[in-house]
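Q: Structure below; questions to follow.
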Amino acid sequence: KNEVEQSPQNLTAQEGEFITINCSYSVGISALHWLQQHPGGGIVSLFMLSSGKKKHGRLIATINIQEKHSSLHITASHPRDSAVYICAVPGSNTGNQFYFGTGTSLTVIP
Amino acid sequence: NAGVTQTPKFRILKIGQSMTLQCTQDMNHNYMYWYRQDPGMGLKLIYYSVGAGITDKGEVPNGYNVSRSTTEDFPLRLELAAPSQTSVYFCASIARGGSNSPLHFGNGTRLTVT
């Protein structure tokens with residue numbers, strides 16, 4: 001069993017659509033990270049959250065600690081949002097290691 | 001701040017050759033990590049360090065070595081390159097474990113072993 005499960009694995013959307021990517025985890029955590037990786041590119045941190053909701057531009061991340069679930073929403077999606085989105089959680093309270101989801105590959109079609 | 005800097009960006013090695021992937025960060029982060037990412041797969045932890053002079057194995061350490069002589073630098077050494085080590089390697093850092101601060105990644109090193 002993976003400690004972090006993401007869904008869907010692949011997602012294709014039309015430009016302008018509202019997108020939701022889900023992340024469920026089985027370990028106790030202090031914070032959850034959402035990461036973005038463009039094709040052939042580096043990995044960028046989008047959000048780090050431990051409760052509630054955070055918003056950066058068209059991106060919104062929410063987390064429910066009790067249900068061990070987080071969602072990443074993209075409003076008014078754009079082709080430049082096409083990327084792999086990865087959620088990650090620390091493996092313990094010390095966070096010596098992280099557990100990563102396998103990623104959601106998003107393609108936004110113009 | 002430059003963040004996490006990895007060099008080189010690309011490298012082709014012949015089987016049996018050795019090389020060092022460099023990683024440096026200027027954020028005074030204690031925790032540093034080396035991951036490999038195979039095509040279509042998630043990140044796998046090779047080695048990590050919780051501070052200068054301290055290193056520990058991750059999920060896939062065989063064929064690799066690391067050192068952490070300073071807070072800033074965390075080089076990854078491949079001694080006898082094998083085709084199975086063809087991958088993209090990412091270095092990452094965070095202020096401290098479990099901290100409420102972002103995880104910073106380098107831009108990656110794309111390594112091919114032929």
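Identifiers for the structure tokens are assigned positionally: chains receive A, B, ... in sequence, residues are indexed from 1 per chain, and ligands are indexed from 1 in the order shown.
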Give me, as JSON lines, each residue of segment 11-108 of chain A that comes within 7 Å of segment 39-59 of chain B, together with its shortest interatomic pair and the distance in Å at one decimal, counting only C-alpha atoms, with rows ordered by chain and rising residue number.

A:
{"residue": "A:Phe100", "atom": "CA", "partner": "B:Leu43", "partner_atom": "CA", "distance": 6.7}
{"residue": "A:Gly101", "atom": "CA", "partner": "B:Gly42", "partner_atom": "CA", "distance": 6.9}
{"residue": "A:Thr102", "atom": "CA", "partner": "B:Gly42", "partner_atom": "CA", "distance": 4.7}
{"residue": "A:Gly103", "atom": "CA", "partner": "B:Gly42", "partner_atom": "CA", "distance": 7.0}

Q: Export, as a short mmCIF file (atom, residue, chain, number, x, y, z; two decimals), in the first residue's frame, the selected residues with N, CA and C atoms.

A:
data_model
loop_
_atom_site.label_atom_id
_atom_site.label_comp_id
_atom_site.auth_asym_id
_atom_site.auth_seq_id
_atom_site.Cartn_x
_atom_site.Cartn_y
_atom_site.Cartn_z
N PHE A 100 6.06 10.47 -1.68
CA PHE A 100 5.55 11.19 -2.84
C PHE A 100 4.45 10.39 -3.52
N GLY A 101 3.44 11.09 -4.00
CA GLY A 101 2.49 10.45 -4.89
C GLY A 101 3.15 10.23 -6.24
N THR A 102 2.53 9.40 -7.06
CA THR A 102 3.12 9.11 -8.37
C THR A 102 2.84 10.20 -9.38
N GLY A 103 2.04 11.19 -8.97
CA GLY A 103 1.83 12.34 -9.84
C GLY A 103 0.58 12.24 -10.69
#

Q: Which residues of chain B sit at most 7 Å from chain A, using only C-alpha atoms? Give each one's shortest atom pair and distance in Å (one decimal place), in chain and ascending residue order, as JSON lines.

A:
{"residue": "B:Met41", "atom": "CA", "partner": "A:Thr102", "partner_atom": "CA", "distance": 6.5}
{"residue": "B:Gly42", "atom": "CA", "partner": "A:Thr102", "partner_atom": "CA", "distance": 4.7}
{"residue": "B:Leu43", "atom": "CA", "partner": "A:Phe100", "partner_atom": "CA", "distance": 6.7}
{"residue": "B:Gly97", "atom": "CA", "partner": "A:Gly95", "partner_atom": "CA", "distance": 4.0}
{"residue": "B:Gly98", "atom": "CA", "partner": "A:Gly95", "partner_atom": "CA", "distance": 4.3}
{"residue": "B:Asn100", "atom": "CA", "partner": "A:Ala31", "partner_atom": "CA", "distance": 6.4}
{"residue": "B:Ser101", "atom": "CA", "partner": "A:Met48", "partner_atom": "CA", "distance": 6.7}
{"residue": "B:Pro102", "atom": "CA", "partner": "A:Met48", "partner_atom": "CA", "distance": 5.8}
{"residue": "B:Leu103", "atom": "CA", "partner": "A:Ser45", "partner_atom": "CA", "distance": 6.3}
{"residue": "B:His104", "atom": "CA", "partner": "A:Ser45", "partner_atom": "CA", "distance": 6.6}
{"residue": "B:Phe105", "atom": "CA", "partner": "A:Ile43", "partner_atom": "CA", "distance": 5.9}
{"residue": "B:Gly106", "atom": "CA", "partner": "A:Gly42", "partner_atom": "CA", "distance": 6.7}
{"residue": "B:Asn107", "atom": "CA", "partner": "A:Gly42", "partner_atom": "CA", "distance": 4.3}
{"residue": "B:Gly108", "atom": "CA", "partner": "A:Gly42", "partner_atom": "CA", "distance": 6.0}

Q: Please list as a compact mmCIF listing (two decimals) with C-alpha atoms, in the first residue's frame every residue within 8 Å of Ala83 of chain A, counting only C-alpha atoms and excluding residues in the same chain fewer than 3 positions away.

A:
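Result written to around.txt:
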# COMPACT_ATOMS: atom_id res chain seq x y z
CA GLN A 36 4.64 21.00 -10.16
CA GLN A 37 6.90 19.55 -12.83
CA HIS A 38 6.70 20.72 -16.44
CA PRO A 39 7.75 18.21 -19.12
CA ARG A 80 0.67 26.50 -19.62
CA SER A 105 -0.24 14.31 -15.55
CA LEU A 106 -2.40 17.23 -16.69
CA THR A 107 -2.80 18.28 -20.30

Q: Could you check the closest approach to Met19 of chain B for each of B:Gln37, B:Ser69, B:Thr7, B:Asn62 and tell me which residue wins, using only C-alpha atoms?

A: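 Looking only at the distances to Met19 of chain B, the closest residue turns out to be B:Thr7.
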
Q: Let's see if you can do this: from backbone DSSP, list all strand (DSSP E or B) residues in segment 20-53 of chain A, as an MDAnalysis selection string.

A: chainID A and resid 20:25 32:37 43:49 52:53

Q: Quick one: pull the distance between atom CA of Cys23 of chain A and atom CA of Val4 of chain B, Å, one decimal.

A: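 It comes out at 26.3 Å.
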
Q: Mind pulling up the distance from atom CA of Ser67 of chain B to atom CA of Gln17 of chain B?

A: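 Taking atom CA of Gln17 of chain B and atom CA of Ser67 of chain B, their separation equals 19.3 Å.
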
Q: Write out as an MDAnalysis selection string each polymer residue whose atoms come within 6 Å of His29 of chain B, counting only C-alpha atoms; drop sequence neighbours fewer than 2 positions from it.

A: chainID B and resid 27 31 94:95

Q: What's the separation between atom CA of Phe74 of chain B and atom CA of Cys23 of chain B, in Å to one decimal place?

A: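 Between atom CA of Phe74 of chain B and atom CA of Cys23 of chain B the gap is 5.3 Å.
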
Q: Tell me which protein, DNA and RNA residues are within 7 Å of Thr75 of chain A, counting only C-alpha atoms, leaving out same-chain ones fewer than 5 positions away, and put them as a list in words.

A: Glu17, Phe18, Ile19, Arg58 and Leu59 of chain A

Q: With a distance cut-off of 7 Å and only C-alpha atoms, select the neighbouring residues of Tyr25 of chain A, excluding the residue or stretch itself and same-chain residues fewer than 5 positions from it, and output the selection as an MDAnalysis selection string.

A: chainID A and resid 3:5 68:69

Q: So that I can see what lies close to Ser87 of chain B, please list as a list in words the residues with an atom at most 7 Å from it, counting only C-alpha atoms and leaving out residues fewer than 2 positions away in the same chain.

A: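 In the requested form, the answer reads Arg36, Gln37, Asp38, Gln85, Tyr89, Arg110, Leu111 and Thr112 of chain B.
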
Q: Measuring between only C-alpha atoms, which one of A:Ile21, A:Val27, A:Ala13, A:Cys87 shows the shortest distance to Gln66 of chain A?

A: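 Under the stated criterion, the closest residue is A:Val27.
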